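Okay, coords-v3.pdb is below, PDB, C-alpha atoms:
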```
MODEL        1
ATOM      1  CA  MET L   1    -206.965  38.826 152.537  1.00  0.00           C
ATOM      2  CA  TYR L   2    -206.062  39.302 148.869  1.00  0.00           C
ATOM      3  CA  ASN L   3    -205.876  35.544 148.269  1.00  0.00           C
ATOM      4  CA  LYS L   4    -209.288  35.040 149.871  1.00  0.00           C
ATOM      5  CA  LEU L   5    -210.769  37.765 147.662  1.00  0.00           C
ATOM      6  CA  LYS L   6    -209.100  36.309 144.583  1.00  0.00           C
ATOM      7  CA  GLU L   7    -210.404  32.836 145.452  1.00  0.00           C
ATOM      8  CA  THR L   8    -213.940  34.153 145.993  1.00  0.00           C
ATOM      9  CA  TRP L   9    -213.827  35.959 142.642  1.00  0.00           C
ATOM     10  CA  ALA L  10    -212.622  32.776 140.916  1.00  0.00           C
ATOM     11  CA  ASP L  11    -215.436  30.789 142.560  1.00  0.00           C
ATOM     12  CA  LEU L  12    -217.993  33.354 141.422  1.00  0.00           C
ATOM     13  CA  ARG L  13    -216.752  33.340 137.851  1.00  0.00           C
ATOM     14  CA  SER L  14    -216.758  29.570 137.651  1.00  0.00           C
ATOM     15  CA  SER L  15    -220.263  29.192 139.024  1.00  0.00           C
ATOM     16  CA  LEU L  16    -223.165  28.464 136.714  1.00  0.00           C
ATOM     17  CA  TRP L  17    -225.214  31.585 137.509  1.00  0.00           C
ATOM     18  CA  PHE L  18    -222.556  34.300 137.192  1.00  0.00           C
ATOM     19  CA  ILE L  19    -222.774  35.008 133.434  1.00  0.00           C
ATOM     20  CA  PRO L  20    -226.597  34.826 133.256  1.00  0.00           C
ATOM     21  CA  MET L  21    -226.846  37.169 136.265  1.00  0.00           C
ATOM     22  CA  ILE L  22    -224.499  39.678 134.632  1.00  0.00           C
ATOM     23  CA  MET L  23    -226.563  39.468 131.429  1.00  0.00           C
ATOM     24  CA  PHE L  24    -229.784  39.971 133.415  1.00  0.00           C
ATOM     25  CA  ILE L  25    -228.473  43.027 135.256  1.00  0.00           C
ATOM     26  CA  THR L  26    -227.097  44.485 132.021  1.00  0.00           C
ATOM     27  CA  SER L  27    -230.429  43.983 130.242  1.00  0.00           C
ATOM     28  CA  ILE L  28    -232.321  45.738 133.047  1.00  0.00           C
ATOM     29  CA  LEU L  29    -229.895  48.676 132.965  1.00  0.00           C
ATOM     30  CA  LEU L  30    -230.099  48.905 129.168  1.00  0.00           C
ATOM     31  CA  ALA L  31    -233.911  48.809 129.292  1.00  0.00           C
ATOM     32  CA  LEU L  32    -233.956  51.697 131.766  1.00  0.00           C
ATOM     33  CA  LEU L  33    -231.456  53.625 129.644  1.00  0.00           C
ATOM     34  CA  PHE L  34    -233.450  53.119 126.429  1.00  0.00           C
ATOM     35  CA  ILE L  35    -236.690  54.150 128.126  1.00  0.00           C
ATOM     36  CA  ARG L  36    -235.017  57.353 129.327  1.00  0.00           C
ATOM     37  CA  ILE L  37    -233.660  58.031 125.826  1.00  0.00           C
ATOM     38  CA  ASP L  38    -237.064  57.340 124.271  1.00  0.00           C
ATOM     39  CA  VAL L  39    -238.781  59.801 126.593  1.00  0.00           C
ATOM     40  CA  SER L  40    -236.183  62.517 126.106  1.00  0.00           C
ATOM     41  CA  VAL L  41    -235.894  62.372 122.294  1.00  0.00           C
ATOM     42  CA  ASP L  42    -238.226  64.588 120.294  1.00  0.00           C
ATOM     43  CA  THR L  43    -240.441  62.663 117.856  1.00  0.00           C
ATOM     44  CA  GLU L  44    -241.025  65.421 115.296  1.00  0.00           C
ATOM     45  CA  TRP L  45    -238.303  64.018 113.056  1.00  0.00           C
ATOM     46  CA  LEU L  46    -240.459  60.904 112.530  1.00  0.00           C
ATOM     47  CA  ILE L  47    -243.047  63.003 110.718  1.00  0.00           C
ATOM     48  CA  GLU L  48    -240.384  64.352 108.368  1.00  0.00           C
ATOM     49  CA  TYR L  49    -239.130  60.849 107.522  1.00  0.00           C
ATOM     50  CA  SER L  50    -242.511  59.126 107.608  1.00  0.00           C
ATOM     51  CA  PRO L  51    -242.095  57.404 104.193  1.00  0.00           C
ATOM     52  CA  ILE L  52    -239.029  55.645 105.549  1.00  0.00           C
ATOM     53  CA  PHE L  53    -240.649  54.469 108.779  1.00  0.00           C
ATOM     54  CA  ALA L  54    -244.179  53.895 107.428  1.00  0.00           C
ATOM     55  CA  ILE L  55    -246.024  55.398 110.366  1.00  0.00           C
ATOM     56  CA  SER L  56    -249.511  54.715 109.097  1.00  0.00           C
ATOM     57  CA  THR L  57    -251.139  51.385 108.244  1.00  0.00           C
ATOM     58  CA  GLY L  58    -251.392  52.431 104.615  1.00  0.00           C
ATOM     59  CA  GLY L  59    -247.668  53.095 104.542  1.00  0.00           C
ATOM     60  CA  THR L  60    -247.034  49.671 105.976  1.00  0.00           C
ATOM     61  CA  ARG L  61    -249.174  48.025 103.298  1.00  0.00           C
ATOM     62  CA  ALA L  62    -247.395  50.024 100.596  1.00  0.00           C
ATOM     63  CA  MET L  63    -244.001  48.830 101.849  1.00  0.00           C
ATOM     64  CA  LEU L  64    -245.129  45.207 101.760  1.00  0.00           C
TER      65      LEU L  64
ENDMDL
END
```

As structure tokens:
Amino acid sequence: MYNKLKETWADLRSSLWFIPMIMFITSILLALLFIRIDVSVDTEWLIEYSPIFAISTGGTRAML
């Protein structure tokens, strides 16, 4: 049983799609995590640091 499982794991790791599939699943999970963080974080601190982040179009032009 253990040898069969070990052989299956080795076959999976050596296949062409394993790494891209892991990267795809990780990117989906990270996207969901970042969306949840974005929704839960208060945005009032952006107003305080607006010269740094150049919120307005005029601020963007001034930075350029």

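From atom CA of L:Arg61 back to atom CA of L:Asp38, the distance works out to 25.9 Å.
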
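Computed from the coordinates, the atom CA of L:Phe18 to atom CA of L:Lys6 distance equals 15.5 Å.
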
**Request:** Could you tell me how far atom CA of L:Arg13 lies from atom CA of L:Ile25, in Å and to one decimal?
**Result:**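 These atoms are spaced 15.4 Å apart.
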
Taking all atoms of stretch 39-43 of chain L that the file lists and extending 3 Å past them on each side, where is the centre of the axis-aligned box and how long are its edges? Answer in Å to one decimal, as lines of an AutoDock Vina configuration file.
```
center_x = -238.2
center_y = 62.2
center_z = 122.2
size_x = 10.5
size_y = 10.8
size_z = 14.7
```
